[in-house]
>>> print(open('data21.txt').read())   # compact mmCIF, C-alpha atoms
# COMPACT_ATOMS: atom_id res chain seq x y z
CA MET A 1 -13.12 -33.84 -9.73
CA LYS A 2 -13.60 -30.13 -9.80
CA LYS A 3 -14.60 -30.32 -6.16
CA HIS A 4 -11.38 -32.15 -5.28
CA ALA A 5 -9.30 -29.64 -7.18
CA ARG A 6 -10.93 -26.83 -5.26
CA PHE A 7 -10.27 -28.59 -1.97
CA TRP A 8 -6.58 -29.09 -2.70
CA LEU A 9 -6.20 -25.52 -3.87
CA ALA A 10 -7.77 -24.27 -0.66
CA ALA A 11 -5.65 -26.64 1.40
CA SER A 12 -2.46 -25.57 -0.30
CA VAL A 13 -3.27 -21.89 0.19
CA LEU A 14 -3.97 -22.56 3.84
CA LEU A 15 -0.74 -24.49 4.27
CA CYS A 16 1.26 -21.81 2.51
CA ALA A 17 -0.34 -19.12 4.63
CA SER A 18 0.56 -21.07 7.75
CA ALA A 19 4.10 -21.50 6.56
CA LEU A 20 4.37 -17.77 5.98
CA LEU A 21 3.36 -16.93 9.49
CA ALA A 22 6.27 -15.86 11.57
CA TYR A 23 4.63 -16.72 14.86
CA ASP A 24 5.63 -19.54 17.14
CA VAL A 25 4.59 -20.41 20.64
CA GLY A 26 6.30 -18.02 23.02
CA ASP A 27 6.50 -15.19 20.49
CA LYS A 28 5.07 -11.73 20.98
CA ALA A 29 2.48 -10.19 18.70
CA TYR A 30 1.02 -6.68 18.77
CA THR A 31 -2.41 -5.29 18.10
CA LYS A 32 -2.45 -2.90 15.16
CA LYS A 33 -6.07 -1.79 15.02
CA LEU A 34 -7.73 0.63 17.38
CA GLU A 35 -9.65 -2.31 18.78
CA THR A 36 -8.92 -6.03 18.36
CA THR A 37 -11.39 -8.69 19.46
CA LEU A 38 -10.17 -11.91 21.06
CA LEU A 39 -12.44 -14.88 20.37
CA GLU A 40 -13.35 -17.97 22.32
CA GLU A 41 -12.42 -20.29 19.44
CA PRO A 42 -10.31 -19.96 16.30
CA LYS A 43 -13.33 -19.25 14.14
CA PRO A 44 -14.50 -15.93 12.74
CA PHE A 45 -18.01 -16.11 14.21
CA SER A 46 -16.94 -17.38 17.62
CA SER A 47 -17.99 -15.50 20.75
CA PRO A 48 -15.85 -12.51 21.69
CA VAL A 49 -14.06 -12.79 25.02
CA ALA A 50 -12.21 -9.47 25.15
CA LYS A 51 -11.48 -6.30 23.25
CA ILE A 52 -7.88 -5.09 23.25
CA GLY A 53 -6.68 -1.60 22.45
CA PHE A 54 -4.05 -0.39 20.03
CA ALA A 55 -0.39 -1.48 20.22
CA ALA A 56 -0.89 -3.98 23.05
CA GLU A 57 1.67 -6.76 23.49
CA LEU A 58 0.23 -10.26 23.19
CA ASN A 59 1.85 -13.53 24.23
CA VAL A 60 1.40 -16.32 21.70
CA GLU A 61 0.48 -19.53 23.51
CA GLN A 62 -0.68 -21.68 20.62
CA VAL A 63 -0.73 -21.56 16.83
CA ASN A 64 -3.54 -23.18 14.87
CA GLY A 65 -3.12 -22.51 11.17
CA ALA A 66 -3.50 -18.77 10.76
CA TRP A 67 -5.00 -18.38 14.21
CA LEU A 68 -3.14 -17.53 17.40
CA LEU A 69 -4.18 -18.21 20.97
CA VAL A 70 -2.88 -15.22 22.88
CA THR A 71 -2.86 -13.81 26.38
CA VAL A 72 -2.67 -10.21 27.47
CA GLY A 73 -3.11 -9.35 31.11
CA ASP A 74 -6.02 -11.41 32.38
CA ASN A 75 -7.43 -11.91 28.90
CA ARG A 76 -6.95 -15.02 26.79
CA GLY A 77 -8.44 -15.73 23.38
CA TRP A 78 -7.94 -16.42 19.69
CA VAL A 79 -7.04 -13.86 17.08
CA PHE A 80 -6.51 -14.15 13.32
CA ALA A 81 -2.83 -13.57 12.53
CA GLY A 82 -3.72 -10.91 9.98
CA ASN A 83 -5.15 -8.77 12.73
CA VAL A 84 -1.89 -8.49 14.64
CA ALA A 85 1.65 -7.40 13.80
CA GLU A 86 5.08 -8.81 14.47
CA LYS A 87 6.46 -5.39 15.33
CA LYS A 88 4.94 -3.03 17.82
CA PRO A 89 3.28 -0.08 16.09
CA SER A 90 4.27 3.34 17.31
CA GLY A 91 1.87 4.56 19.95
CA ASP A 92 1.98 7.90 18.16
CA HIS A 93 -0.21 6.45 15.44
CA LYS A 94 -3.15 5.99 17.77
CA THR A 95 -4.38 9.44 16.95
CA ASP A 96 -3.88 8.88 13.22
CA PHE A 97 -6.83 6.57 12.76
CA LEU A 98 -9.90 7.77 10.95
CA PRO A 99 -13.21 7.68 12.85
CA SER A 100 -14.69 4.21 12.85
CA SER A 101 -16.35 3.23 9.62
CA ALA A 102 -18.05 0.26 11.22
CA SER A 103 -21.34 1.22 9.64
CA GLY A 104 -19.75 0.58 6.28
CA THR A 105 -21.86 3.27 4.72
CA THR A 106 -19.17 5.64 3.58
CA ALA A 107 -19.39 6.25 -0.10
CA SER A 108 -18.67 9.01 -2.56
CA ILE A 109 -16.73 11.07 -0.03
CA ALA A 110 -13.09 10.12 0.01
CA ALA A 111 -11.50 9.53 3.38
CA ARG A 112 -8.34 11.59 3.68
CA PRO A 113 -8.47 13.14 0.21
CA LEU A 114 -5.70 15.22 -1.29
CA ASP A 115 -4.87 17.94 1.20
CA ASP A 116 -4.38 21.59 0.34
CA VAL A 117 -0.62 21.28 0.21
CA ALA A 118 -0.81 18.56 -2.44
CA LYS A 119 -3.55 20.36 -4.35
CA ASN A 120 -1.55 23.55 -4.47
CA TYR A 121 1.51 21.65 -5.54
CA GLY A 122 -0.42 20.26 -8.50
CA GLU A 123 -1.87 23.60 -9.45
CA GLN A 124 1.39 25.47 -9.18
CA LYS A 125 3.09 22.94 -11.40
CA GLY A 126 0.37 23.07 -13.99
CA LEU A 127 -0.83 19.57 -13.18
CA GLY A 128 -4.46 20.45 -12.57
CA GLU A 129 -5.70 17.69 -14.83
CA ALA A 130 -3.66 15.06 -13.00
CA LYS A 131 -4.93 16.44 -9.69
CA ALA A 132 -8.50 16.05 -10.91
CA ASP A 133 -7.71 12.49 -11.99
CA VAL A 134 -6.38 11.64 -8.53
CA GLU A 135 -9.58 13.04 -7.02
CA TRP A 136 -11.60 10.84 -9.40
CA VAL A 137 -9.68 7.80 -8.12
CA GLU A 138 -10.39 8.86 -4.55
CA ARG A 139 -14.13 9.03 -5.22
CA GLN A 140 -14.12 5.61 -6.86
CA SER A 141 -12.08 4.17 -4.03
CA ALA A 142 -14.46 5.57 -1.42
CA GLN A 143 -17.26 3.51 -2.90
CA VAL A 144 -15.47 0.32 -1.88
CA ASN A 145 -16.11 0.54 1.83
CA ASP A 146 -15.46 -1.79 4.76
CA ALA A 147 -18.79 -3.54 4.31
CA ALA A 148 -17.99 -4.39 0.70
CA VAL A 149 -14.61 -5.80 1.68
CA LEU A 150 -16.15 -7.86 4.47
CA ALA A 151 -18.83 -9.25 2.16
CA TYR A 152 -16.15 -10.14 -0.41
CA LEU A 153 -14.02 -11.94 2.19
CA GLN A 154 -16.97 -13.92 3.46
CA ALA A 155 -18.24 -14.83 0.01
CA LYS A 156 -14.78 -15.96 -1.11
CA LYS A 157 -13.97 -17.58 2.24
CA MET A 158 -10.76 -15.66 2.60
CA GLY A 159 -8.82 -14.10 5.45
CA GLU A 160 -10.26 -15.11 8.80
CA TYR A 161 -13.30 -16.53 6.96
CA LYS A 162 -11.36 -19.42 5.42
CA MET B 1 5.92 4.08 -2.04
CA LYS B 2 7.42 2.58 -4.29
CA ARG B 3 7.15 1.89 -7.15
CA VAL B 4 7.96 -0.48 -8.67
CA ARG B 5 7.96 -0.64 -11.74
CA VAL B 6 7.60 -3.59 -10.04
CA ALA B 7 10.48 -3.81 -11.55
CA PHE B 8 8.40 -4.64 -14.05
CA ALA B 9 9.51 -1.74 -15.43
CA ILE B 10 9.66 -2.15 -18.67
CA LEU B 11 9.28 0.65 -20.72
CA ALA B 12 8.15 3.89 -20.00
CA LEU B 13 11.11 4.88 -18.13
CA ALA B 14 12.87 5.83 -21.20
CA ALA B 15 10.95 8.98 -21.18
CA ALA B 16 11.72 9.70 -17.67
CA GLY B 17 14.32 12.24 -18.32
CA THR B 18 12.02 15.01 -17.51
CA CYS B 19 13.01 17.49 -14.93
CA LEU B 20 10.58 18.78 -12.42
CA ALA B 21 9.45 22.28 -13.06
CA GLN B 22 10.28 24.95 -10.59
CA PHE B 23 7.69 25.39 -7.95
CA SER B 24 6.44 28.83 -7.21
CA LEU B 25 4.26 30.18 -4.48
CA ASN B 26 2.01 32.17 -6.73
CA GLY B 27 -1.53 31.73 -5.56
CA PHE B 28 -0.65 29.65 -2.57
CA ASP B 29 -2.67 30.53 0.49
CA PRO B 30 -0.77 29.45 3.58
CA PHE B 31 -3.64 30.26 5.91
CA LYS B 32 -6.05 28.03 4.03
CA ALA B 33 -3.56 25.20 3.98
CA ALA B 34 -2.91 25.65 7.64
CA LYS B 35 -6.38 24.43 8.40
CA ASP B 36 -5.58 21.00 7.08
CA VAL B 37 -1.94 20.42 7.65
CA GLY B 38 -0.35 20.34 10.99
CA SER B 39 3.12 20.83 12.01
CA LEU B 40 5.86 19.39 9.98
CA VAL B 41 8.99 18.48 11.45
CA LYS B 42 11.56 16.54 10.76
CA GLY B 43 14.19 15.73 8.38
CA VAL B 44 15.94 12.75 9.76
CA ALA B 45 13.72 12.64 12.81
CA GLY B 46 10.83 10.96 11.01
CA ILE B 47 7.84 12.10 9.00
CA GLY B 48 4.38 12.25 10.56
CA LEU B 49 1.15 11.15 8.91
CA LYS B 50 0.05 14.62 7.85
CA GLU B 51 3.32 15.30 6.13
CA GLU B 52 3.24 11.84 4.61
CA ASN B 53 -0.19 12.54 3.14
CA SER B 54 0.93 15.87 1.72
CA ILE B 55 4.00 14.35 0.09
CA GLY B 56 2.09 11.28 -1.06
CA GLY B 57 -0.65 13.37 -2.66
CA ALA B 58 1.89 15.43 -4.59
CA VAL B 59 3.73 12.28 -5.68
CA ALA B 60 0.42 10.72 -6.78
CA ILE B 61 -0.25 13.74 -8.98
CA GLU B 62 3.20 13.41 -10.52
CA ILE B 63 2.67 9.70 -11.21
CA VAL B 64 -0.65 10.32 -12.90
CA ALA B 65 0.75 13.20 -14.94
CA ARG B 66 3.66 11.14 -16.21
CA PHE B 67 1.73 8.05 -17.15
CA GLY B 68 -1.08 9.27 -19.33
CA GLY B 69 -3.58 10.27 -16.70
CA VAL B 70 -6.05 7.97 -15.02
CA TRP B 71 -7.80 5.26 -16.99
CA LYS B 72 -11.38 5.99 -15.94
CA ASP B 73 -12.87 2.55 -16.22
CA ALA B 74 -15.16 2.45 -13.20
CA ALA B 75 -15.60 -1.33 -13.14
CA ALA B 76 -11.87 -2.05 -13.38
CA THR B 77 -11.11 0.61 -10.78
CA GLN B 78 -13.68 -0.88 -8.43
CA ARG B 79 -12.12 -4.32 -8.86
CA VAL B 80 -8.63 -3.04 -8.11
CA ASN B 81 -9.93 -1.22 -5.05
CA LEU B 82 -11.81 -4.26 -3.80
CA ILE B 83 -8.78 -6.53 -4.04
CA GLY B 84 -6.44 -3.82 -2.80
CA LYS B 85 -8.56 -2.96 0.22
CA THR B 86 -9.03 -6.62 1.01
CA LEU B 87 -5.25 -6.88 1.26
CA THR B 88 -4.86 -3.72 3.32
CA ARG B 89 -7.38 -5.02 5.84
CA TYR B 90 -4.46 -7.09 7.12
CA CYS B 91 -1.52 -4.79 6.44
CA ASP B 92 0.58 -3.38 9.24
CA ARG B 93 -0.40 0.27 8.89
CA GLN B 94 -4.08 0.30 9.69
CA GLU B 95 -4.08 4.06 10.18
CA LEU B 96 -3.68 4.58 6.42
CA ASN B 97 -6.50 4.96 3.94
CA PHE B 98 -5.40 3.29 0.72
CA LYS B 99 -6.62 4.29 -2.74
CA PHE B 100 -6.05 2.25 -5.88
CA GLY B 101 -6.12 3.58 -9.41
CA LEU B 102 -5.30 2.62 -13.00
CA LEU B 103 -3.01 4.62 -15.26
CA ASN B 104 -3.89 5.16 -18.88
CA SER B 105 -0.65 3.71 -20.21
CA ASP B 106 0.14 0.55 -22.15
CA SER B 107 3.48 0.24 -20.42
CA ILE B 108 3.76 -2.42 -17.76
CA ASN B 109 4.37 -0.73 -14.48
CA ALA B 110 3.10 -0.07 -10.99
CA PHE B 111 3.75 2.65 -8.45
CA SER B 112 2.87 3.64 -4.97
CA ALA B 113 3.13 6.86 -3.03
CA PRO B 114 3.31 7.63 0.69
CA GLY B 115 0.01 7.84 2.46
CA GLY B 116 -1.49 4.92 0.54
CA TYR B 117 -1.78 5.77 -3.15
CA VAL B 118 -1.26 2.74 -5.41
CA PHE B 119 -1.39 2.78 -9.20
CA ILE B 120 -0.93 0.15 -11.86
CA THR B 121 -0.89 0.79 -15.57
CA LYS B 122 -3.56 -0.42 -17.92
CA GLY B 123 -0.84 -2.50 -19.57
CA LEU B 124 -0.13 -4.38 -16.37
CA TYR B 125 -3.82 -4.67 -15.55
CA ASP B 126 -4.41 -6.25 -18.95
CA LEU B 127 -1.43 -8.56 -18.47
CA VAL B 128 -2.81 -10.13 -15.28
CA GLY B 129 -6.25 -10.27 -16.85
CA ASP B 130 -8.91 -11.81 -14.65
CA ASN B 131 -6.39 -13.56 -12.42
CA ASP B 132 -7.08 -12.12 -8.95
CA ASP B 133 -4.09 -13.93 -7.43
CA GLN B 134 -1.66 -12.21 -9.79
CA LEU B 135 -3.31 -8.84 -9.32
CA ALA B 136 -3.13 -9.33 -5.55
CA GLY B 137 0.56 -10.20 -5.83
CA VAL B 138 1.31 -6.97 -7.67
CA LEU B 139 -0.79 -4.86 -5.31
CA GLY B 140 0.73 -6.58 -2.28
CA HIS B 141 4.19 -5.58 -3.49
CA GLU B 142 3.13 -1.95 -3.80
CA ILE B 143 1.30 -1.94 -0.48
CA THR B 144 4.46 -3.22 1.21
CA HIS B 145 6.45 -0.30 -0.17
CA VAL B 146 3.98 1.99 1.57
CA THR B 147 3.69 0.14 4.86
CA GLN B 148 7.46 -0.18 5.15
CA ARG B 149 7.84 3.51 4.32
CA HIS B 150 10.40 2.86 1.60
CA ALA B 151 9.95 6.22 -0.12
CA LEU B 152 9.81 8.16 3.11
CA LYS B 153 13.11 6.67 4.16
CA ILE B 154 14.69 8.30 1.12
CA ILE B 155 13.41 11.67 2.24
CA GLU B 156 14.46 11.10 5.80
CA ARG B 157 17.93 10.08 4.73
CA GLY B 158 18.20 13.14 2.56
CA ASP B 159 17.06 15.43 5.30
CA PHE B 160 15.01 17.36 2.73
CA LEU B 161 12.59 18.69 5.28
CA SER B 162 15.08 19.59 7.93
CA GLY B 163 14.31 22.90 9.52
CA VAL B 164 10.78 23.11 8.18
CA SER B 165 8.65 23.86 11.20
CA ASP B 166 5.21 24.01 9.66
CA LEU B 167 4.44 22.70 6.21
CA ALA B 168 1.06 24.35 6.21
CA ALA B 169 2.47 27.73 6.97
CA MET B 170 4.87 27.38 4.13
CA LYS B 171 7.26 30.12 3.55
CA SER B 172 8.86 30.06 0.15
CA ASP B 173 12.00 28.39 1.45
CA ASP B 174 9.96 25.73 3.17
CA PHE B 175 7.94 25.06 0.10
CA ALA B 176 11.08 24.67 -1.93
CA LYS B 177 12.10 22.01 0.55
CA PHE B 178 8.74 20.32 0.16
CA SER B 179 9.16 20.33 -3.59
CA GLY B 180 12.62 18.88 -3.10
CA ALA B 181 11.21 16.09 -0.99
CA VAL B 182 8.66 15.25 -3.67
CA ASN B 183 11.38 15.39 -6.28
CA SER B 184 13.54 12.96 -4.35
CA VAL B 185 10.71 10.44 -4.37
CA THR B 186 9.76 10.86 -8.02
CA THR B 187 13.39 10.65 -9.09
CA THR B 188 13.60 7.31 -7.33
CA LEU B 189 10.34 6.13 -8.81
CA PHE B 190 10.90 7.25 -12.36
CA GLU B 191 14.63 7.21 -12.82
CA LYS B 192 16.83 5.54 -10.23
CA GLY B 193 14.64 2.86 -8.75
CA PHE B 194 14.86 1.44 -5.26
CA ASP B 195 17.86 -0.64 -4.35
CA PRO B 196 17.55 -4.41 -4.87
CA LYS B 197 17.24 -5.09 -1.15
CA THR B 198 14.19 -2.85 -0.96
CA GLU B 199 12.60 -4.53 -3.96
CA TYR B 200 13.17 -7.97 -2.51
CA ALA B 201 11.63 -6.84 0.76
CA ALA B 202 8.55 -5.63 -1.10
CA ASP B 203 8.33 -8.93 -2.96
CA LYS B 204 8.54 -10.90 0.27
CA GLY B 205 6.10 -8.70 2.14
CA GLY B 206 3.65 -8.61 -0.75
CA ARG B 207 3.68 -12.36 -1.13
CA ALA B 208 3.11 -12.87 2.59
CA LEU B 209 0.26 -10.36 2.66
CA ALA B 210 -1.44 -11.96 -0.34
CA ALA B 211 -1.13 -15.43 1.17
CA LEU B 212 -2.39 -14.36 4.57
CA THR B 213 -5.38 -12.72 2.93
CA GLY B 214 -6.18 -15.92 1.08
CA TYR B 215 -4.82 -15.36 -2.40
CA ALA B 216 -2.47 -17.92 -3.95
CA PRO B 217 1.05 -17.08 -2.72
CA GLY B 218 2.48 -17.65 -6.18
CA GLY B 219 0.58 -14.81 -7.80
CA LEU B 220 3.44 -12.33 -7.79
CA ARG B 221 5.94 -14.92 -8.99
CA ALA B 222 3.66 -15.91 -11.86
CA THR B 223 3.38 -12.28 -12.90
CA LEU B 224 7.14 -11.81 -12.82
CA ILE B 225 7.59 -14.90 -14.97
CA ARG B 226 5.15 -13.51 -17.50
CA LEU B 227 7.04 -10.23 -17.49
CA LYS B 228 10.33 -12.02 -17.99
CA MET B 229 8.95 -13.88 -20.95
CA GLY B 230 7.70 -10.65 -22.44
CA ARG B 231 10.98 -8.94 -21.82
CA ALA B 232 12.79 -11.57 -23.84
CA ASN B 233 11.02 -10.19 -26.84
CA ASN B 234 11.93 -6.65 -25.98
CA PRO B 235 15.40 -6.53 -24.40
CA THR B 236 15.77 -2.79 -24.77
CA ALA B 237 13.01 -2.29 -22.25
CA ILE B 238 15.18 -3.49 -19.37
CA PHE B 239 15.43 -0.98 -16.57
CA PRO B 240 19.11 -0.99 -15.68
CA THR B 241 18.89 -0.18 -11.99
CA HIS B 242 16.18 -2.66 -11.23
CA PRO B 243 16.92 -6.12 -9.87
CA PRO B 244 16.91 -8.66 -12.67
CA LEU B 245 13.58 -10.41 -12.93
CA ALA B 246 15.33 -13.77 -12.81
CA LYS B 247 16.78 -12.95 -9.40
CA ARG B 248 13.45 -11.81 -8.05
CA ILE B 249 11.76 -14.91 -9.37
CA ALA B 250 14.44 -17.12 -7.86
CA ARG B 251 13.91 -15.54 -4.46
CA LEU B 252 10.21 -16.26 -4.44
CA PRO B 253 9.22 -19.81 -3.49
CA GLU B 254 7.50 -21.91 -6.10
CA GLU B 255 3.95 -22.90 -5.50
>>> encode(input="data21.txt", output="structure tokens")
Amino acid sequence: MKKHARFWLAASVLLCASALLAYDVGDKAYTKKLETTLLEEPKPFSSPVAKIGFAAELNVEQVNGAWLLVTVGDNRGWVFAGNVAEKKPSGDHKTDFLPSSASGTTASIAARPLDDVAKNYGEQKGLGEAKADVEWVERQSAQVNDAAVLAYLQAKKMGEYK
Amino acid sequence: MKRVRVAFAILALAAAGTCLAQFSLNGFDPFKAAKDVGSLVKGVAGIGLKEENSIGGAVAIEIVARFGGVWKDAAATQRVNLIGKTLTRYCDRQELNFKFGLLNSDSINAFSAPGGYVFITKGLYDLVGDNDDQLAGVLGHEITHVTQRHALKIIERGDFLSGVSDLAAMKSDDFAKFSGAVNSVTTTLFEKGFDPKTEYAADKGGRALAALTGYAPGGLRATLIRLKMGRANNPTAIFPTHPPLAKRIARLPEE
């Protein structure tokens, strides 16, 4: 019984997610990460067939749940809808990305912490304690790295791991 | 940015009458700051990531200062960051580095600041309890305010940074403009609120992001319903400029 309930919950979430997707065959989608991998099949552990750079325009050829079969140039493959955007990101943002954290080992050092302008703002306004609190949050946040998020998604069977 | 008060707003705003203190340049070292902040520009032309981070950091400090400081519960903070970062894995601004924190306040509220700072109060955290779907719905709403640059649009419309050539090099006039930009955001967050259209957009975007990530799409709606029920017992806590909860609930599909 419990098993059935879990199945229907998962099915309803999947259906709702599909319904939320704005993509139809013939639509355009855009890569939003520095590098987006196209896969041979609509499965997270499928073989990669191509890697596409930032802000590339993709043609949607087929929709399968939350997965899109797309073409770009001579490349054709599947991508999870969460890894692309409906609107083209500004090419200016390409240089805004942090260095790859693929190793997933970042911890304790906050990525993009409060800069000197913000720090000085806090100090000049007598908000040193609040500034220190924000820095505490940044350190805590840094401990939840990409590897932890990936492990969570896989364990919960969420995102492209559904 | 946003804030929200997820409309949730309930209380705390009553005390929001505070005025921002005057900013002075005493002790500010423009050469040190110049190492980290690049050229500003803009006004109506658009705000770059470095400026966004500077403004967002200052706004984050203001949020924390006004809502009792940070609630330093490491386990709860880790949970909020795990769910928040799981959502942002699929958000539309992958160049941002989001940080999620809890405010030491029993009021029920949530805020976000440019650059990727998201805060919810202890009161709201307690309200959603161990329901990850509801927490994801709230965080998704805040994340959408950031990714759709809702707060930055206020600054851009106001042209607060017009004529500032280099935020890092900050002359006193420029820094006054920076302070004005921060003030415009905090005034919206703490006093005026975003317009209803912006709130509805954050609801819609947050729901879609949560669902795409794999959380139940009805998490945000369920939270709003709980807030509405609580509000019935405390009608004076209604934030006048915020969209009525009933309207927000009605706009979100049932499921």
>>> closest_residue(input="data21.txt", among="A:Gly82, A:Gly126, A:Gly53, A:Gly77", to="chain B", atoms="all atoms listed in the file")
A:Gly82
>>> atom_distance(input="data21.txt", atom1="atom CA of Lys43 of chain A", atom2="atom CA of Tyr161 of chain A")
7.7 Å
>>> closest_residue(input="data21.txt", among="A:Trp78, A:Lys51, A:Asp133, A:Val72", to="Leu39 of chain A", atoms="only C-alpha atoms")
A:Trp78
>>> interface_residues(input="data21.txt", of="chain A", to="chain B", cutoff="6 Å", atoms="all atoms listed in the file", output="number ranges by chain")
A: 13, 17, 82-83, 96-97, 114, 116-118, 130-131, 133, 137, 141, 149, 158-159
>>> closest_residue(input="data21.txt", among="A:Ala111, A:Phe54, A:Leu69, A:Asp74", to="Gln143 of chain A", atoms="only C-alpha atoms")
A:Ala111
>>> closest_residue(input="data21.txt", among="A:Val134, A:Asp146, A:Glu40, A:Asp92", to="Lys119 of chain A", atoms="only C-alpha atoms")
A:Val134
>>> closest_residue(input="data21.txt", among="B:Gly129, B:Pro196, B:Gly137, B:Pro114", to="Pro243 of chain B", atoms="all atoms listed in the file")
B:Pro196
>>> closest_residue(input="data21.txt", among="A:Ala29, A:Leu98, A:Ala147, A:Ala81", to="Leu68 of chain A", atoms="all atoms listed in the file")
A:Ala81
>>> atom_distance(input="data21.txt", atom1="atom CA of Ala202 of chain B", atom2="atom CA of Ala155 of chain A")
28.3 Å
>>> atom_distance(input="data21.txt", atom1="atom CA of Lys197 of chain B", atom2="atom CA of Ile225 of chain B")
19.5 Å
>>> residues_around(input="data21.txt", residues="Ile52 of chain A", least_positions_apart="5", cutoff="12 Å", atoms="all atoms listed in the file", output="MDAnalysis selection string")
chainID A and resid 30:39 57:58 70:79 83:84
>>> write_last_selection(input="data21.txt", atoms="C-alpha atoms", output="PDB file, in the frame of the given file")
ATOM      1  CA  TYR A  30       1.020  -6.680  18.770  1.00  0.00           C
ATOM      2  CA  THR A  31      -2.410  -5.290  18.100  1.00  0.00           C
ATOM      3  CA  LYS A  32      -2.450  -2.900  15.160  1.00  0.00           C
ATOM      4  CA  LYS A  33      -6.070  -1.790  15.020  1.00  0.00           C
ATOM      5  CA  LEU A  34      -7.730   0.630  17.380  1.00  0.00           C
ATOM      6  CA  GLU A  35      -9.650  -2.310  18.780  1.00  0.00           C
ATOM      7  CA  THR A  36      -8.920  -6.030  18.360  1.00  0.00           C
ATOM      8  CA  THR A  37     -11.390  -8.690  19.460  1.00  0.00           C
ATOM      9  CA  LEU A  38     -10.170 -11.910  21.060  1.00  0.00           C
ATOM     10  CA  LEU A  39     -12.440 -14.880  20.370  1.00  0.00           C
ATOM     11  CA  GLU A  57       1.670  -6.760  23.490  1.00  0.00           C
ATOM     12  CA  LEU A  58       0.230 -10.260  23.190  1.00  0.00           C
ATOM     13  CA  VAL A  70      -2.880 -15.220  22.880  1.00  0.00           C
ATOM     14  CA  THR A  71      -2.860 -13.810  26.380  1.00  0.00           C
ATOM     15  CA  VAL A  72      -2.670 -10.210  27.470  1.00  0.00           C
ATOM     16  CA  GLY A  73      -3.110  -9.350  31.110  1.00  0.00           C
ATOM     17  CA  ASP A  74      -6.020 -11.410  32.380  1.00  0.00           C
ATOM     18  CA  ASN A  75      -7.430 -11.910  28.900  1.00  0.00           C
ATOM     19  CA  ARG A  76      -6.950 -15.020  26.790  1.00  0.00           C
ATOM     20  CA  GLY A  77      -8.440 -15.730  23.380  1.00  0.00           C
ATOM     21  CA  TRP A  78      -7.940 -16.420  19.690  1.00  0.00           C
ATOM     22  CA  VAL A  79      -7.040 -13.860  17.080  1.00  0.00           C
ATOM     23  CA  ASN A  83      -5.150  -8.770  12.730  1.00  0.00           C
ATOM     24  CA  VAL A  84      -1.890  -8.490  14.640  1.00  0.00           C
TER      25      VAL A  84
END
>>> residues_near_point(input="data21.txt", point="(15.0, -10.1, -8.4)", cutoff="12 Å", atoms="all atoms listed in the file", output="number ranges by chain")
B: 4, 6-8, 194-204, 220-221, 224-225, 228, 241-252
>>> decode(input="data21.txt", residues="segment 201-232 of chain B", atoms="C-alpha atoms", output="compact mmCIF listing (two decimals), in the first residue's frame")
# COMPACT_ATOMS: atom_id res chain seq x y z
CA ALA B 201 5.81 35.95 -11.19
CA ALA B 202 7.93 34.76 -8.27
CA ASP B 203 5.18 32.36 -7.21
CA LYS B 204 4.92 30.93 -10.70
CA GLY B 205 8.66 30.68 -11.22
CA GLY B 206 9.25 29.19 -7.79
CA ARG B 207 6.59 26.56 -8.27
CA ALA B 208 7.98 25.59 -11.67
CA LEU B 209 11.53 25.38 -10.33
CA ALA B 210 10.47 23.22 -7.39
CA ALA B 211 8.51 20.88 -9.64
CA LEU B 212 11.29 20.57 -12.18
CA THR B 213 13.71 19.74 -9.41
CA GLY B 214 11.42 17.00 -8.15
CA TYR B 215 9.63 18.55 -5.21
CA ALA B 216 5.83 18.46 -5.04
CA PRO B 217 4.56 21.45 -7.06
CA GLY B 218 1.99 22.24 -4.40
CA GLY B 219 4.51 23.03 -1.69
CA LEU B 220 4.31 26.80 -2.01
CA ARG B 221 0.52 26.76 -2.22
CA ALA B 222 0.29 24.62 0.90
CA THR B 223 2.51 27.08 2.75
CA LEU B 224 0.41 30.03 1.66
CA ILE B 225 -2.73 28.27 2.84
CA ARG B 226 -1.16 27.70 6.23
CA LEU B 227 -0.19 31.36 6.38
CA LYS B 228 -3.70 32.41 5.45
CA MET B 229 -5.14 30.29 8.21
CA GLY B 230 -2.72 31.80 10.67
CA ARG B 231 -3.48 35.28 9.49
CA ALA B 232 -7.15 34.78 10.25
